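Undergrad: I'd like to ask you about the structure that follows.
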Amino acid sequence: MPDFRDGAPLLVAEHVVKSFPIRRSLSQFAQRRPRQRLIALDDVSINLKAGQVLGIVGESGSGKSTLAYCLVRLLDLDSGTVRIGSEDIHALRGDALRALRPRMQIVFQDPYSSLNPRLTVKRTVAEPARVHNLVSRSGESAMVGDLLERCGLRRQDAARYPRQLSGGQRQRVAIARALATSPEILIADEAVSALDVSVQAQILNLFAELQEDLGLGIIFITHQLAVISHLATDVVVLYLGRIMESGPTHAVLSESSHPYTLGLLQAQPMVRGPRIQRRPALRGELPSSLAMPSGCRFHTRCPLAEPICAEVDPPPVEVRPGHMSRCHVLAPSSSRPLSTRPVDHERQGDTRI
């Protein structure tokens with residue numbers, strides 16, 4: 001199994017900020033009120049190495065998908081940098097950007113809308129390689145067949161259309177398409193959330209096999225901590241566009257140092273005997289990104305909140321080697337402030353389900 005600990009990062013995102021302008025109403029326009037901006041990401045920094053699986057978790061509205069789109073430059077940044085190797089992807093233009101794109105690919109959430117219903121599986125999978133001149137016409141069939149088999153499909157499935165496939169099969173086609181350019185980085189944006197539970201396990205095992213066999217760096221975005229615990233070597237917990245906690249998966253999930261992470265863990269259903277026990281979820285609703293809470297962003301929902309939490313934004317501190325948290329209460333007072341340099345993490349063992 002590849003070991004990412006001593007390698008140079010494939011991807012480094014530093015101080016990423018992304019917001020979206022909100023259209024003004026007619027009365028706001030007449031009163032010349034300034035246009036509001038929805039803050040989706042605020043000072044987010046991550047890194048990814050070959051062979052590493054980095055999990056990004058958080059509730060809907062936390063900024064997970066926005067981060068994914070910024071990393072592959074489907075969205076431009078307000079500020080910050082995203083480097084693939086030594087290249088800043090948001091500074092590239094034209095042919096230089098085109099030459100970099102095969103190194104990173106994304107698998108989207110919904111396999112029913114991410115595939116063109118008018119294209120056969122063969123054309124769908126071959127299209128990225130064809131666009132980047134990575135395969136000849138005569139070599140397309142063999143390449144597509146190899147990719148389909150690697151992703152758990154049959155070679156003869158190349159002649160089928162998406163409407164003839166199940167949800168799990170469509171997602172396998174989407175993964176095969178992402179592999180057509182032989183990428184170094186694969187981003188999965190909620191890639192199993194639209195699938196049945198039994199199919200989810202199969203797709204997760206496929207990602208684990210691809211990471212092991214190809215040495216890919218994978219960023220796996222999900223709202224399900226159970227998925228992260230089985231697949232990811234490291235985890236980043238997002239809340240309202242800000243990293244609340246990050247570190248090796250086993251440390252973050254077993255020794256959480258932030259109430260939000262604890263709340264996500266407690267919200268996971270538990271199976272006891274023949275019944276599923278639903279435990280209390282996080283209280284309250286996610287605040288609007290148009291009006292961020294003062295101080296710690298989680299203090300309006302935090303059961304441990306103290307007066308300082310509403311006044312002072314907690315800095316990131318390293319609570320143990322490689323484990324960062326932003327919390328006035330749970331983070332020990334002896335923790336030292338975290339530098340802005342991305343933290344290297346330890347490797348975990350086999351993660352197949």
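Just so we're on the same page: first chain in the structure tokens is A, next is B, and so on; residues restart at 1 for each chain, and ligands are numbered from 1 in the order they show up.
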Show me, as JSON, numbers by chain, the residues that have an atom within 9 Å of Ser62 in chain A when counting only C-alpha atoms, minus same-chain residues fewer than 2 positions from it.

TA: {"A": [40, 41, 57, 58, 59, 60, 64, 65, 66, 238, 239, 240, 241, 242, 286]}

Undergrad: Would you write out those residues with C-alpha atoms, as a short mmCIF file (atom, residue, chain, number, x, y, z; two decimals), in the first residue's frame?

TA:
```cif
data_model
loop_
_atom_site.label_atom_id
_atom_site.label_comp_id
_atom_site.auth_asym_id
_atom_site.auth_seq_id
_atom_site.Cartn_x
_atom_site.Cartn_y
_atom_site.Cartn_z
CA ALA A 40 -19.00 29.93 1.57
CA LEU A 41 -15.33 29.38 2.50
CA VAL A 57 -17.27 16.29 6.40
CA GLY A 58 -19.94 18.71 7.55
CA GLU A 59 -23.63 19.50 7.30
CA SER A 60 -25.30 20.78 4.15
CA LYS A 64 -17.87 21.13 1.18
CA SER A 65 -18.94 21.16 -2.47
CA THR A 66 -17.79 24.75 -2.93
CA LEU A 238 -16.14 22.09 8.05
CA TYR A 239 -18.75 24.36 9.60
CA LEU A 240 -19.99 27.54 7.93
CA GLY A 241 -16.97 27.62 5.66
CA ARG A 242 -14.40 27.32 8.44
CA LEU A 286 -27.35 26.20 10.77
#
```

Undergrad: For the strand (DSSP E or B) assignment from backbone DSSP, which residues of range 9-231 of chain A qualify? Please present them as a PyMOL selection string.

TA: chain A and resi 9-21+37-49+53-57+79-84+87-88+104-107+185-189+217-222

Undergrad: May I have the selected residues written with N, CA and C atoms, as a short mmCIF file (atom, residue, chain, number, x, y, z; two decimals), in the first residue's frame?

TA:
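As a result, part.cif now contains:
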```cif
data_model
loop_
_atom_site.label_atom_id
_atom_site.label_comp_id
_atom_site.auth_asym_id
_atom_site.auth_seq_id
_atom_site.Cartn_x
_atom_site.Cartn_y
_atom_site.Cartn_z
N PRO A 9 3.48 17.13 -1.27
CA PRO A 9 2.04 17.22 -1.51
C PRO A 9 1.71 17.28 -3.00
N LEU A 10 0.64 16.59 -3.37
CA LEU A 10 0.10 16.72 -4.73
C LEU A 10 -0.66 18.02 -4.87
N LEU A 11 -1.42 18.33 -3.83
CA LEU A 11 -2.29 19.51 -3.84
C LEU A 11 -2.14 20.25 -2.52
N VAL A 12 -1.99 21.56 -2.60
CA VAL A 12 -1.93 22.40 -1.41
C VAL A 12 -2.86 23.59 -1.62
N ALA A 13 -3.87 23.70 -0.78
CA ALA A 13 -4.77 24.86 -0.78
C ALA A 13 -4.48 25.68 0.46
N GLU A 14 -4.25 26.97 0.29
CA GLU A 14 -3.88 27.82 1.41
C GLU A 14 -4.78 29.05 1.46
N HIS A 15 -5.39 29.26 2.64
CA HIS A 15 -6.16 30.48 2.93
C HIS A 15 -7.23 30.75 1.86
N VAL A 16 -7.94 29.70 1.48
CA VAL A 16 -8.96 29.83 0.43
C VAL A 16 -10.18 30.57 0.97
N VAL A 17 -10.59 31.60 0.25
CA VAL A 17 -11.79 32.37 0.59
C VAL A 17 -12.67 32.43 -0.66
N LYS A 18 -13.95 32.09 -0.47
CA LYS A 18 -14.89 32.14 -1.58
C LYS A 18 -16.24 32.64 -1.08
N SER A 19 -16.79 33.64 -1.76
CA SER A 19 -18.11 34.15 -1.41
C SER A 19 -18.90 34.36 -2.70
N PHE A 20 -20.21 34.50 -2.54
CA PHE A 20 -21.10 34.68 -3.69
C PHE A 20 -21.95 35.93 -3.48
N PRO A 21 -22.04 36.80 -4.49
CA PRO A 21 -22.90 37.99 -4.35
C PRO A 21 -24.37 37.61 -4.36
N ARG A 37 -22.88 39.56 0.43
CA ARG A 37 -22.14 38.41 -0.08
C ARG A 37 -22.30 37.24 0.88
N LEU A 38 -22.59 36.08 0.32
CA LEU A 38 -22.70 34.85 1.11
C LEU A 38 -21.31 34.22 1.21
N ILE A 39 -20.82 34.09 2.43
CA ILE A 39 -19.48 33.54 2.64
C ILE A 39 -19.56 32.02 2.66
N ALA A 40 -18.95 31.38 1.67
CA ALA A 40 -19.00 29.93 1.57
C ALA A 40 -17.76 29.28 2.16
N LEU A 41 -16.59 29.89 1.96
CA LEU A 41 -15.33 29.38 2.50
C LEU A 41 -14.56 30.55 3.08
N ASP A 42 -13.98 30.33 4.26
CA ASP A 42 -13.27 31.41 4.94
C ASP A 42 -11.95 30.89 5.51
N ASP A 43 -10.87 31.19 4.81
CA ASP A 43 -9.51 30.85 5.27
C ASP A 43 -9.34 29.34 5.46
N VAL A 44 -9.64 28.58 4.40
CA VAL A 44 -9.52 27.11 4.44
C VAL A 44 -8.18 26.70 3.84
N SER A 45 -7.43 25.89 4.59
CA SER A 45 -6.14 25.38 4.11
C SER A 45 -6.10 23.87 4.30
N ILE A 46 -5.76 23.15 3.23
CA ILE A 46 -5.63 21.69 3.29
C ILE A 46 -4.46 21.28 2.41
N ASN A 47 -3.96 20.05 2.61
CA ASN A 47 -3.02 19.49 1.64
C ASN A 47 -3.34 18.03 1.42
N LEU A 48 -2.86 17.51 0.30
CA LEU A 48 -3.14 16.13 -0.10
C LEU A 48 -1.90 15.55 -0.74
N LYS A 49 -1.54 14.33 -0.32
CA LYS A 49 -0.37 13.65 -0.87
C LYS A 49 -0.80 12.38 -1.60
N VAL A 53 -6.07 9.55 1.58
CA VAL A 53 -7.50 9.78 1.39
C VAL A 53 -7.93 10.79 2.44
N LEU A 54 -8.26 11.99 2.00
CA LEU A 54 -8.65 13.07 2.89
C LEU A 54 -10.17 13.21 2.87
N GLY A 55 -10.80 13.02 4.01
CA GLY A 55 -12.24 13.17 4.11
C GLY A 55 -12.63 14.58 4.51
N ILE A 56 -13.63 15.14 3.83
CA ILE A 56 -14.18 16.45 4.17
C ILE A 56 -15.61 16.23 4.62
N VAL A 57 -15.93 16.55 5.87
CA VAL A 57 -17.27 16.29 6.40
C VAL A 57 -17.88 17.58 6.94
N SER A 79 -9.80 34.90 -2.75
CA SER A 79 -8.39 35.03 -2.39
C SER A 79 -7.88 33.65 -1.98
N GLY A 80 -6.55 33.54 -1.84
CA GLY A 80 -5.93 32.27 -1.50
C GLY A 80 -5.30 31.64 -2.73
N THR A 81 -4.73 30.45 -2.54
CA THR A 81 -4.07 29.75 -3.63
C THR A 81 -4.42 28.26 -3.58
N VAL A 82 -4.41 27.63 -4.73
CA VAL A 82 -4.54 26.18 -4.86
C VAL A 82 -3.43 25.73 -5.80
N ARG A 83 -2.47 24.98 -5.27
CA ARG A 83 -1.34 24.55 -6.08
C ARG A 83 -1.43 23.05 -6.34
N ILE A 84 -1.27 22.68 -7.59
CA ILE A 84 -1.13 21.28 -8.00
C ILE A 84 0.36 21.10 -8.32
N GLU A 87 2.36 24.34 -9.49
CA GLU A 87 1.55 25.26 -10.30
C GLU A 87 0.34 25.76 -9.52
N ASP A 88 0.13 27.07 -9.53
CA ASP A 88 -1.07 27.66 -8.94
C ASP A 88 -2.17 27.61 -10.00
N MET A 104 -6.16 16.12 -12.42
CA MET A 104 -7.18 16.13 -11.37
C MET A 104 -8.54 15.93 -12.00
N GLN A 105 -9.34 15.08 -11.38
CA GLN A 105 -10.67 14.79 -11.90
C GLN A 105 -11.65 14.74 -10.73
N ILE A 106 -12.93 14.94 -11.04
CA ILE A 106 -13.96 14.97 -10.01
C ILE A 106 -15.09 14.01 -10.37
N VAL A 107 -15.64 13.34 -9.35
CA VAL A 107 -16.82 12.48 -9.48
C VAL A 107 -17.94 13.18 -8.73
N ILE A 185 -4.99 13.09 -8.80
CA ILE A 185 -5.92 13.54 -7.75
C ILE A 185 -7.34 13.23 -8.19
N LEU A 186 -8.10 12.61 -7.30
CA LEU A 186 -9.51 12.30 -7.56
C LEU A 186 -10.34 12.89 -6.44
N ILE A 187 -11.32 13.71 -6.81
CA ILE A 187 -12.21 14.33 -5.83
C ILE A 187 -13.59 13.73 -5.98
N ALA A 188 -14.11 13.17 -4.91
CA ALA A 188 -15.44 12.55 -4.92
C ALA A 188 -16.37 13.42 -4.09
N ASP A 189 -17.30 14.09 -4.75
CA ASP A 189 -18.21 15.01 -4.07
C ASP A 189 -19.52 14.29 -3.76
N GLY A 217 -4.21 10.27 -4.83
CA GLY A 217 -4.62 11.11 -3.72
C GLY A 217 -6.11 11.38 -3.88
N ILE A 218 -6.90 11.04 -2.88
CA ILE A 218 -8.36 11.16 -2.99
C ILE A 218 -8.89 12.12 -1.94
N ILE A 219 -9.72 13.06 -2.37
CA ILE A 219 -10.48 13.91 -1.45
C ILE A 219 -11.92 13.43 -1.51
N PHE A 220 -12.40 12.91 -0.38
CA PHE A 220 -13.73 12.31 -0.34
C PHE A 220 -14.63 13.19 0.51
N ILE A 221 -15.63 13.78 -0.13
CA ILE A 221 -16.54 14.72 0.53
C ILE A 221 -17.84 14.02 0.87
N THR A 222 -18.27 14.14 2.12
CA THR A 222 -19.48 13.45 2.56
C THR A 222 -20.02 14.12 3.83
#
```

Undergrad: Find the residues around Glu255 in chain A up to 12 Å (only C-alpha atoms counted), leave out those fewer than 3 positions away in its own chain, and share them as a ChimeraX atom specification.

TA: /A:245-252,258-259,261-262,265,319-320,323-325,330-331

Undergrad: What lies within 8 Å of Gly215 in chain A using only C-alpha atoms, ignoring chain neighbours under 2 positions off, as a ChimeraX atom specification?

TA: /A:1-2,50-51,184,210-213,217

Undergrad: Since we have the selection now, will you write its residues out, keeping N, CA and C atoms, as a short mmCIF file (atom, residue, chain, number, x, y, z; two decimals), in the first residue's frame?

TA:
```cif
data_model
loop_
_atom_site.label_atom_id
_atom_site.label_comp_id
_atom_site.auth_asym_id
_atom_site.auth_seq_id
_atom_site.Cartn_x
_atom_site.Cartn_y
_atom_site.Cartn_z
N MET A 1 0.84 -1.20 0.00
CA MET A 1 0.00 0.00 0.00
C MET A 1 0.88 1.25 0.00
N PRO A 2 0.61 2.24 -0.86
CA PRO A 2 1.45 3.43 -0.93
C PRO A 2 1.50 4.15 0.41
N ALA A 50 0.10 11.87 -2.41
CA ALA A 50 -0.16 10.62 -3.13
C ALA A 50 -0.43 9.51 -2.13
N GLY A 51 -1.50 8.75 -2.34
CA GLY A 51 -1.84 7.65 -1.45
C GLY A 51 -2.66 8.05 -0.25
N GLU A 184 -3.74 12.14 -10.98
CA GLU A 184 -3.07 11.95 -9.71
C GLU A 184 -4.00 12.23 -8.55
N LEU A 210 -8.85 1.55 -5.76
CA LEU A 210 -8.19 2.48 -6.68
C LEU A 210 -7.05 3.22 -5.99
N GLN A 211 -7.30 3.63 -4.76
CA GLN A 211 -6.25 4.32 -4.01
C GLN A 211 -5.05 3.42 -3.79
N GLU A 212 -5.31 2.17 -3.47
CA GLU A 212 -4.23 1.23 -3.19
C GLU A 212 -3.48 0.84 -4.46
N ASP A 213 -4.21 0.57 -5.53
CA ASP A 213 -3.59 0.08 -6.76
C ASP A 213 -2.89 1.19 -7.55
N GLY A 217 -4.21 10.27 -4.83
CA GLY A 217 -4.62 11.11 -3.72
C GLY A 217 -6.11 11.38 -3.88
#
```
